[in-house]
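Engineer: Starting off with a structure, shown below.
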Protein chains: 2
Amino acid sequence: MLSPIRTQSFEPTVHLDGGLDAVLAMPCACPRFARDEEIFGEGETADYVYQVVSGAVRTYRILRDGRRQIDEFHFAGDHFGLELGEAHRVTAEAMTDTTIRMIRRGALSDLAARRGDAARAILRLTAEGLQRSQDHVLMLGRRSACERVAGLLLDIAERTHAKAELDVPMSRQDMADYLGLTIETVSRTLTSLQDEGLIALPSVRHVVLQDRRALERMTA
Amino acid sequence: MLSPIRTQSFEPTVHLDGGLDAVLAMPCACPRFARDEEIFGEGETADYVYQVVSGAVRTYRILRDGRRQIDEFHFAGDHFGLELGEAHRVTAEAMTDTTIRMIRRGALSDLAARRGDAARAILRLTAEGLQRSQDHVLMLGRRSACERVAGLLLDIAERTHAKAELDVPMSRQDMADYLGLTIETVSRTLTSLQDEGLIALPSVRHVVLQDRRALERMTA
DNA sequence: CGACACTTTGAAGAGGTTCAACTGGTGTGG
DNA sequence: CCACACCAGTTGAACCTCTTCAAAGTGTCG
């Protein structure tokens with residue numbers, strides 16, 4: 001919304017490291033979003049593909065009666081909003097103050113048509129999303145509340161490159177709606193993990209992983 | 001396993017109807033699998049991509065303690081086993097006697113490298129899988145047992161092009177492991193749907209949708 | 001016909017939800 | 001600078017859905 005920033009690089013250096021970054025170092029808008037601000041809505045035309053520069057984003061869907069399911073959390077470097085069809089299937093919101101890179105979808109498909117590595121990068125992004133979604137299915141279908149919470153904490157640690165101390169960008173409600181639980185169950189589970197000495201909760205949005213090994217055992 | 005059959009068409013007619021069929025009408029092995037026979041196992045090298053010719057397939061993962069989560073059911077025409085990495089992330093088994101088309105992965109990536117429409121078809125397949133997985137997440141995260149069962153029945157109907165009478169190729173255990181429930185809950189839910197007059201159960205593997213409208217209301 | 005596997009049904013139990021009250025941190029205004 | 005309000009999070013107790021364990025029923029195949 002405020003002060004769109006533009007990148008300068010025009011000649012992309014092709015590392016072919018698998019990401020889109022190499023082939024997509026084209027100038028593009030980088031707007032900022034405040035906490036809880038909507039980036040795009042379910043059903044809107046998908047004219048752009050997005051990348052988190054800094055901050056964190058949730059994508060979700062809502063049932064008629066208000067039940068919400070968070071599909072995915074997106075952290076710095078992650079792409080989101082890539083669609084097969086015309087419209088976005090989810091709503092995207094910033095979880096904290098967030099900077100987003102926007103890539104015109106047309107530019108992307110042009111690039112993919114011209115360059116095999118770009119097409120492959122898009123395929124890889126989609127396939128990675130599929131893998132993550134399959135892991136999510138396994139979590140929701142066959143894991144207990146405790147295993148789910150432990151899994152989420154480890155996932156956040158890995159994806160934000162945190163060691164023991166986690167900055168948790170999401171609210172308890174966000175966690176609950178990602179894990180298919182209620183806010184109360186998430187809260188209770190966190191305190192019981194704390195009581196068992198597996199984690200510490202110095203503040204609401206900070207978690208310290210005190211026994212990562214034990215947490216990993218729960219999720220394996 | 002028995003009597004691999006080979007298709008004859010060499011010159012593909014390119015309809016570009018979005019499927020891989022148009023660009024992939026190449027000769028390939030079409031083995032048959034008996035009910036419950038494994039097609040490939042989790043962790044095995046992914047040398048092939050598969051397509052259901054007739055029958056039905058389940059893909060699943062198993063946790064250490066034996067809990068199973070079925071990732072997806074695949075019906076005639078569906079592709080499966082398409083992987084980003086080297087290895088299969090799931091196990092695939094025939095649910096009934098099934099014929100499968102096997103496509104060498106190398107041939108597929110060669111084709112994708114040469115032809116943009118093939119690359120796009122592969123992307124589309126992956127993206128459709130992602131959409132289905134996201135729907136699955138919503139189901140497991142935020143729907144009741146009843147809504148899940150109703151949703152599965154409608155999904156089977158749609159994907160097998162059945163009208164009111166469904167041939168259900170999977171066992172109650174398969175349904176349960178797809179829906180994140182137990183076999184008993186699935187059974188009880190089906191009988192209660194029958195009691196309410198929404199479905200009929202002429203035999204274990206046959207379901208008649210008697211009030212599709214009502215079923216759809218449950219899943220919307 | 002009988003054996004076996006799968007399904008259904010029943011009763012008791014557990015995990016997670018719901019509803020309600022309380023706590024704690026944050027921000028604002030007097 | 002403190003007081004108060006407000007909101008997110010936590011905790012407690014009752015409840016409910018789904019699970020677990022057990023037994024009976026159904027269908028299939030030798």
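Every chain in the structure tokens has a letter given in the order shown (A, B, ...), and although residue numbers restart at 1 in each chain, ligands are simply numbered from 1 in the order shown.
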Please identify every residue of chain B that has at least one atom no more than 12 Å from any atom of chain D, counting only C-alpha atoms (C1' of nucleotides), and report them as a PyMOL selection string.

Structural biologist: chain B and resi 143-146+180-186+188-189+203-205

Engineer: May I have a table of the residues of chain B lying at most 9 Å from chain A, giving each one's closest pair of atoms and their distance in Å to one decimal, counting only C-alpha atoms, ordered by chain and ascending residue number, as a Markdown table?

Structural biologist:
```
| residue | atom | partner | partner_atom | distance |
| --- | --- | --- | --- | --- |
| B:Arg61 | CA | A:Leu138 | CA | 7.9 |
| B:Ile62 | CA | A:Leu138 | CA | 9.0 |
| B:Leu63 | CA | A:Ala220 | CA | 7.3 |
| B:Arg64 | CA | A:Ala220 | CA | 7.2 |
| B:Arg67 | CA | A:Arg142 | CA | 6.6 |
| B:Arg68 | CA | A:Arg142 | CA | 7.3 |
| B:Gln69 | CA | A:Leu138 | CA | 5.8 |
| B:Ile70 | CA | A:Leu138 | CA | 8.2 |
| B:Asp71 | CA | A:Gln134 | CA | 6.8 |
| B:Glu83 | CA | A:Ala127 | CA | 7.7 |
| B:Leu84 | CA | A:Ala127 | CA | 6.3 |
| B:Arg89 | CA | A:Gln131 | CA | 8.6 |
| B:Ala112 | CA | A:Gly116 | CA | 8.6 |
| B:Ala113 | CA | A:Gly116 | CA | 6.5 |
| B:Arg114 | CA | A:Gly116 | CA | 8.9 |
| B:Gly116 | CA | A:Ala113 | CA | 6.5 |
| B:Ala119 | CA | A:Ala119 | CA | 7.4 |
| B:Arg120 | CA | A:Ala119 | CA | 8.2 |
| B:Ile122 | CA | A:Leu123 | CA | 8.0 |
| B:Leu123 | CA | A:Leu123 | CA | 5.6 |
| B:Arg124 | CA | A:Leu84 | CA | 6.8 |
| B:Thr126 | CA | A:Ala127 | CA | 6.3 |
| B:Ala127 | CA | A:Leu84 | CA | 6.3 |
| B:Glu128 | CA | A:Leu84 | CA | 7.7 |
| B:Gly129 | CA | A:Leu130 | CA | 7.0 |
| B:Leu130 | CA | A:Leu130 | CA | 4.7 |
| B:Gln131 | CA | A:Leu130 | CA | 8.3 |
| B:Ser133 | CA | A:Ser133 | CA | 6.0 |
| B:Gln134 | CA | A:Ser133 | CA | 6.4 |
| B:His136 | CA | A:Val137 | CA | 6.7 |
| B:Val137 | CA | A:Val137 | CA | 5.3 |
| B:Leu138 | CA | A:Gln69 | CA | 5.8 |
| B:Leu140 | CA | A:Leu140 | CA | 5.8 |
| B:Gly141 | CA | A:Gly180 | CA | 4.1 |
| B:Arg142 | CA | A:Gly180 | CA | 6.0 |
| B:Arg143 | CA | A:Arg67 | CA | 8.8 |
| B:Asp177 | CA | A:Gly141 | CA | 7.8 |
| B:Tyr178 | CA | A:Gly141 | CA | 7.7 |
| B:Leu179 | CA | A:Gly141 | CA | 6.8 |
| B:Gly180 | CA | A:Gly141 | CA | 4.1 |
| B:Leu181 | CA | A:Gly141 | CA | 7.6 |
| B:Ala220 | CA | A:Arg64 | CA | 7.2 |
```

Engineer: Pairing the C-alpha atoms in order and superposing chain B on chain A, what is the resulting RMSD?

Structural biologist: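 Per the least-squares fit, the RMSD is 0.1 Å.
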
Engineer: Counting only C-alpha atoms (C1' of nucleotides), which residues in chain C sit no more than 12 Å from chain B? For each one, give the nearest pair of atoms and the distance in Å, sorted by chain then residue number, as a Markdown table.

Structural biologist:
```
| residue | atom | partner | partner_atom | distance |
| --- | --- | --- | --- | --- |
| C:DA5 | C1' | B:Ser171 | CA | 11.7 |
| C:DC6 | C1' | B:Ser171 | CA | 8.4 |
| C:DT7 | C1' | B:Ser187 | CA | 7.5 |
| C:DT8 | C1' | B:Ser187 | CA | 6.9 |
| C:DT9 | C1' | B:Arg188 | CA | 8.4 |
| C:DG10 | C1' | B:Glu184 | CA | 11.3 |
```

Engineer: Those residues you just picked out, can you put them in a file as an mmCIF file, in the first residue's frame with C-alpha atoms (C1' of nucleotides)?

Structural biologist:
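Saved to out-v3.cif:
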```
data_model
loop_
_atom_site.group_PDB
_atom_site.id
_atom_site.type_symbol
_atom_site.label_atom_id
_atom_site.label_comp_id
_atom_site.auth_asym_id
_atom_site.auth_seq_id
_atom_site.Cartn_x
_atom_site.Cartn_y
_atom_site.Cartn_z
ATOM 1 C "C1'" DA C 5 -12.558 -61.307 6.442
ATOM 2 C "C1'" DC C 6 -15.150 -57.309 6.441
ATOM 3 C "C1'" DT C 7 -18.920 -54.669 8.216
ATOM 4 C "C1'" DT C 8 -22.222 -53.256 11.544
ATOM 5 C "C1'" DT C 9 -23.793 -52.345 16.096
ATOM 6 C "C1'" DG C 10 -23.327 -51.540 21.114
#
```

Engineer: One decimal, in Å: what's the spacing between CA of Pro202 (chain A) and CA of Glu93 (chain A)?

Structural biologist: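 These atoms are spaced 26.5 Å apart.
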
Engineer: Show me, as an NGL selection string, the residues that have an atom within 10 Å of His74 (chain B) when counting only C-alpha atoms (C1' of nucleotides), minus same-chain residues fewer than 6 positions from it.

Structural biologist: :B and (51-52 or 55-59 or 80 or 92 or 94-95 or 156 or 159-160)

Engineer: Kindly export the residues of the current selection with C-alpha atoms, as a PDB file, in the first residue's frame.

Structural biologist:
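out12.pdb was written with the following content:
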```pdb
ATOM      1  CA  GLN B  51      -2.126 -43.390 -15.304  1.00  0.00           C
ATOM      2  CA  VAL B  52      -5.168 -45.403 -14.334  1.00  0.00           C
ATOM      3  CA  GLY B  55      -9.918 -49.674 -11.920  1.00  0.00           C
ATOM      4  CA  ALA B  56      -8.895 -47.524  -8.982  1.00  0.00           C
ATOM      5  CA  VAL B  57      -5.766 -46.804  -6.983  1.00  0.00           C
ATOM      6  CA  ARG B  58      -5.005 -45.475  -3.510  1.00  0.00           C
ATOM      7  CA  THR B  59      -1.818 -43.627  -2.556  1.00  0.00           C
ATOM      8  CA  PHE B  80      -0.332 -40.440 -10.207  1.00  0.00           C
ATOM      9  CA  ALA B  92       0.415 -46.859  -4.443  1.00  0.00           C
ATOM     10  CA  ALA B  94      -4.653 -51.117  -6.637  1.00  0.00           C
ATOM     11  CA  MET B  95      -8.000 -51.022  -4.815  1.00  0.00           C
ATOM     12  CA  ILE B 156     -16.509 -40.434  -6.049  1.00  0.00           C
ATOM     13  CA  ARG B 159     -14.849 -38.582 -10.619  1.00  0.00           C
ATOM     14  CA  THR B 160     -16.304 -41.891 -11.766  1.00  0.00           C
TER      15      THR B 160
END
```

Engineer: Hey, what does DSSP flag as alpha helix (DSSP H) within chain B? Can you give it to me as a VMD selection string?

Structural biologist: chain B and resid 105 to 114 116 to 142 145 to 159 172 to 179 183 to 195 212 to 219

Engineer: If I take CA of Leu108 (chain A) and CA of Ala118 (chain B), how far is one from the other in Å, to one decimal?

Structural biologist: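 Interatomic distance, CA of Leu108 (chain A) to CA of Ala118 (chain B): 17.4 Å.
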